[in-house]
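Data block below; observations after.
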Amino acid sequence: MRSFIAVCFLAFIATTSMVLFVGAFLVWLTTVLFDRRLVILHLYSSFWASIYVWIMPAWHVTRLGKQNIDWKRTYVVISNHQSLLDILVAFSLFFPFKWVSKAEIFKVPFIGWNMVLNRYIKLFRGDKSSIAQMMNDSESHLNNGSSVYIFPEGTRSHNGQVKDFKLGAFNLAKKLNLPILPIAINGTTNALPKHSLSFHGHHHITIEVLPAIEPETFAQESAEELAQRMKRLISNRVDELSQPNTSSGQEQRSL
């Protein structure tokens, strides 16, 4: 049954992506001249990604802390990375940013082509020249007012535990004197495990946007110290959110 659901889900993604890419191209074509940061296209892409969360009854997503996002500000956005599902869940926050993603994804028909249209940032893992180019591209987007979303672990966790953070995001925040927007994602590890396309029962997934970390608070920290502090901050929230919290002021959507 799990395999059958996975096949049906992947078939749905493949067929709808063809149609939705046409929509993305039309959005790009009609907005690119006046929407220099491609915010409208990104929000369309957020809708596209969210469809795949909405249709899966086994996934129940709670979004917390959206009040901590100020659309007028530019952030270096960081979060833990448990699963491919993290990307869909982060899109469902519906706020504009540029993804840093491995270069192979940009070659995927329709989905990858949409990433090219959005001017997301590609990275060849382990390639020093690509890492340098990624940093330059990220800096350029940040200077132009677009937030950049980075998974500082570099790859998905096997067991949900937060791995050590690489320094790129923190070097950017310090160099450009920009706030860091930490995000904690919990529950996607078991919903869609690494190296698996099978679906494993019903899961409550939580994504929490934490208050921004202002640049003046880390001016005296090294990038290494800042990375360690942000890892502790997110790790603590991932642990806390193992049991969903539904206190006042939180936004919940059960799918």
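We name chains A, B, ... following the order of the structure tokens; residues begin at 1 in each chain, and ligands are numbered from 1 as shown.
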
Surrounding residues of Gln220 (chain A) excluding itself and chain neighbours under 6 positions, 12 Å, only C-alpha atoms, as a list of chain:residue names: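 The contact residues come out as A:Lys174, A:Asn177, A:Leu226.
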
Residues just named, written with C-alpha atoms as a PDB file, in the first residue's frame:
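Contents of result.pdb, freshly written:
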```
ATOM      1  CA  LYS A 174      28.223  38.981   9.546  1.00  0.00           C
ATOM      2  CA  ASN A 177      25.286  43.015   8.797  1.00  0.00           C
ATOM      3  CA  LEU A 226      27.504  31.977  15.876  1.00  0.00           C
TER       4      LEU A 226
END
```

DSSP strand (DSSP E or B) selection over region 34-238 of chain A, as an NGL selection string: :A and (59-64 or 76-79 or 98-102 or 121-123 or 148-150 or 180-186 or 203-209 or 213)

Near-region 25-30 of chain A list (12 Å; only C-alpha atoms; drop same-chain fewer than 4 positions) as a compact mmCIF listing (two decimals) with N, CA and C atoms, in the first residue's frame:
```txt
# COMPACT_ATOMS: atom_id res chain seq x y z
N SER A 17 2.95 19.13 -12.52
CA SER A 17 4.09 20.01 -12.73
C SER A 17 4.14 20.56 -14.14
N MET A 18 3.71 19.75 -15.11
CA MET A 18 3.69 20.23 -16.50
C MET A 18 2.76 21.43 -16.64
N VAL A 19 1.57 21.29 -16.05
CA VAL A 19 0.58 22.38 -16.14
C VAL A 19 1.03 23.58 -15.32
N LEU A 20 1.50 23.33 -14.11
CA LEU A 20 1.88 24.43 -13.22
C LEU A 20 3.11 25.17 -13.72
N PHE A 21 3.98 24.48 -14.44
CA PHE A 21 5.13 25.19 -15.01
C PHE A 21 4.69 26.18 -16.07
N PHE A 34 8.71 44.35 -13.97
CA PHE A 34 8.48 45.28 -12.86
C PHE A 34 8.73 44.64 -11.49
N ASP A 35 8.79 43.34 -11.41
CA ASP A 35 9.02 42.64 -10.14
C ASP A 35 10.46 42.13 -10.14
N ARG A 36 11.39 43.01 -9.82
CA ARG A 36 12.81 42.69 -10.01
C ARG A 36 13.28 41.57 -9.09
N ARG A 37 12.64 41.38 -7.95
CA ARG A 37 13.02 40.29 -7.04
C ARG A 37 12.19 39.03 -7.27
N LEU A 38 11.27 39.07 -8.23
CA LEU A 38 10.44 37.91 -8.60
C LEU A 38 9.63 37.39 -7.40
N VAL A 39 9.12 38.33 -6.62
CA VAL A 39 8.32 37.96 -5.45
C VAL A 39 7.04 37.25 -5.88
N ILE A 40 6.37 37.76 -6.91
CA ILE A 40 5.11 37.16 -7.35
C ILE A 40 5.34 35.73 -7.82
N LEU A 41 6.41 35.52 -8.58
CA LEU A 41 6.71 34.17 -9.05
C LEU A 41 7.02 33.24 -7.89
N HIS A 42 7.74 33.74 -6.89
CA HIS A 42 8.04 32.89 -5.73
C HIS A 42 6.75 32.52 -4.99
N LEU A 43 5.82 33.46 -4.85
CA LEU A 43 4.57 33.15 -4.17
C LEU A 43 3.74 32.15 -4.98
N TYR A 44 3.79 32.27 -6.30
CA TYR A 44 3.15 31.25 -7.14
C TYR A 44 3.81 29.90 -6.91
N SER A 45 5.13 29.88 -6.82
CA SER A 45 5.85 28.63 -6.57
C SER A 45 5.51 28.08 -5.19
N PHE A 110 10.53 20.79 -15.40
CA PHE A 110 9.44 21.60 -14.88
C PHE A 110 9.76 22.17 -13.49
N ILE A 111 9.99 21.33 -12.50
CA ILE A 111 10.31 21.85 -11.16
C ILE A 111 11.65 22.57 -11.17
N TRP A 113 13.21 23.71 -13.82
CA TRP A 113 13.12 24.86 -14.72
C TRP A 113 12.47 26.05 -14.01
N ASN A 114 11.50 25.75 -13.15
CA ASN A 114 10.89 26.83 -12.37
C ASN A 114 11.90 27.45 -11.41
N MET A 115 12.79 26.63 -10.87
CA MET A 115 13.84 27.16 -9.99
C MET A 115 14.75 28.11 -10.76
N VAL A 116 15.03 27.79 -12.02
CA VAL A 116 15.84 28.69 -12.85
C VAL A 116 15.10 30.00 -13.07
N LEU A 117 13.81 29.93 -13.38
CA LEU A 117 13.03 31.15 -13.56
C LEU A 117 13.06 32.03 -12.32
N ASN A 118 13.02 31.40 -11.14
CA ASN A 118 13.02 32.13 -9.87
C ASN A 118 14.39 32.69 -9.50
N ARG A 119 15.39 32.31 -10.26
CA ARG A 119 16.78 32.72 -9.95
C ARG A 119 17.22 32.23 -8.58
```

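Restricting the calculation to only C-alpha atoms, the smallest distance between Gln228 (chain A) and any of A:Phe9, A:Trp99, A:Phe170, A:Phe165 is found for A:Phe165.
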
Length of the CA of Phe91 (chain A) to CA of Asn190 (chain A) vector [Å]: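 Pair CA of Phe91 (chain A) / CA of Asn190 (chain A) returns 19.4 Å.
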
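The spacing separating CA of Ala132 (chain A) from CA of Ala103 (chain A) amounts to 13.9 Å.
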
Helix (DSSP H, G or I) positions in region 89-206 of chain A, given as a PyMOL selection string: chain A and resi 89-91+103-107+111-117+128-143+168-176+188-191

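When only C-alpha atoms are used to compute distances to Pro215 (chain A), the closest of the residues A:Tyr75, A:Tyr52, A:Phe4, A:Phe47 turns out to be A:Tyr75.
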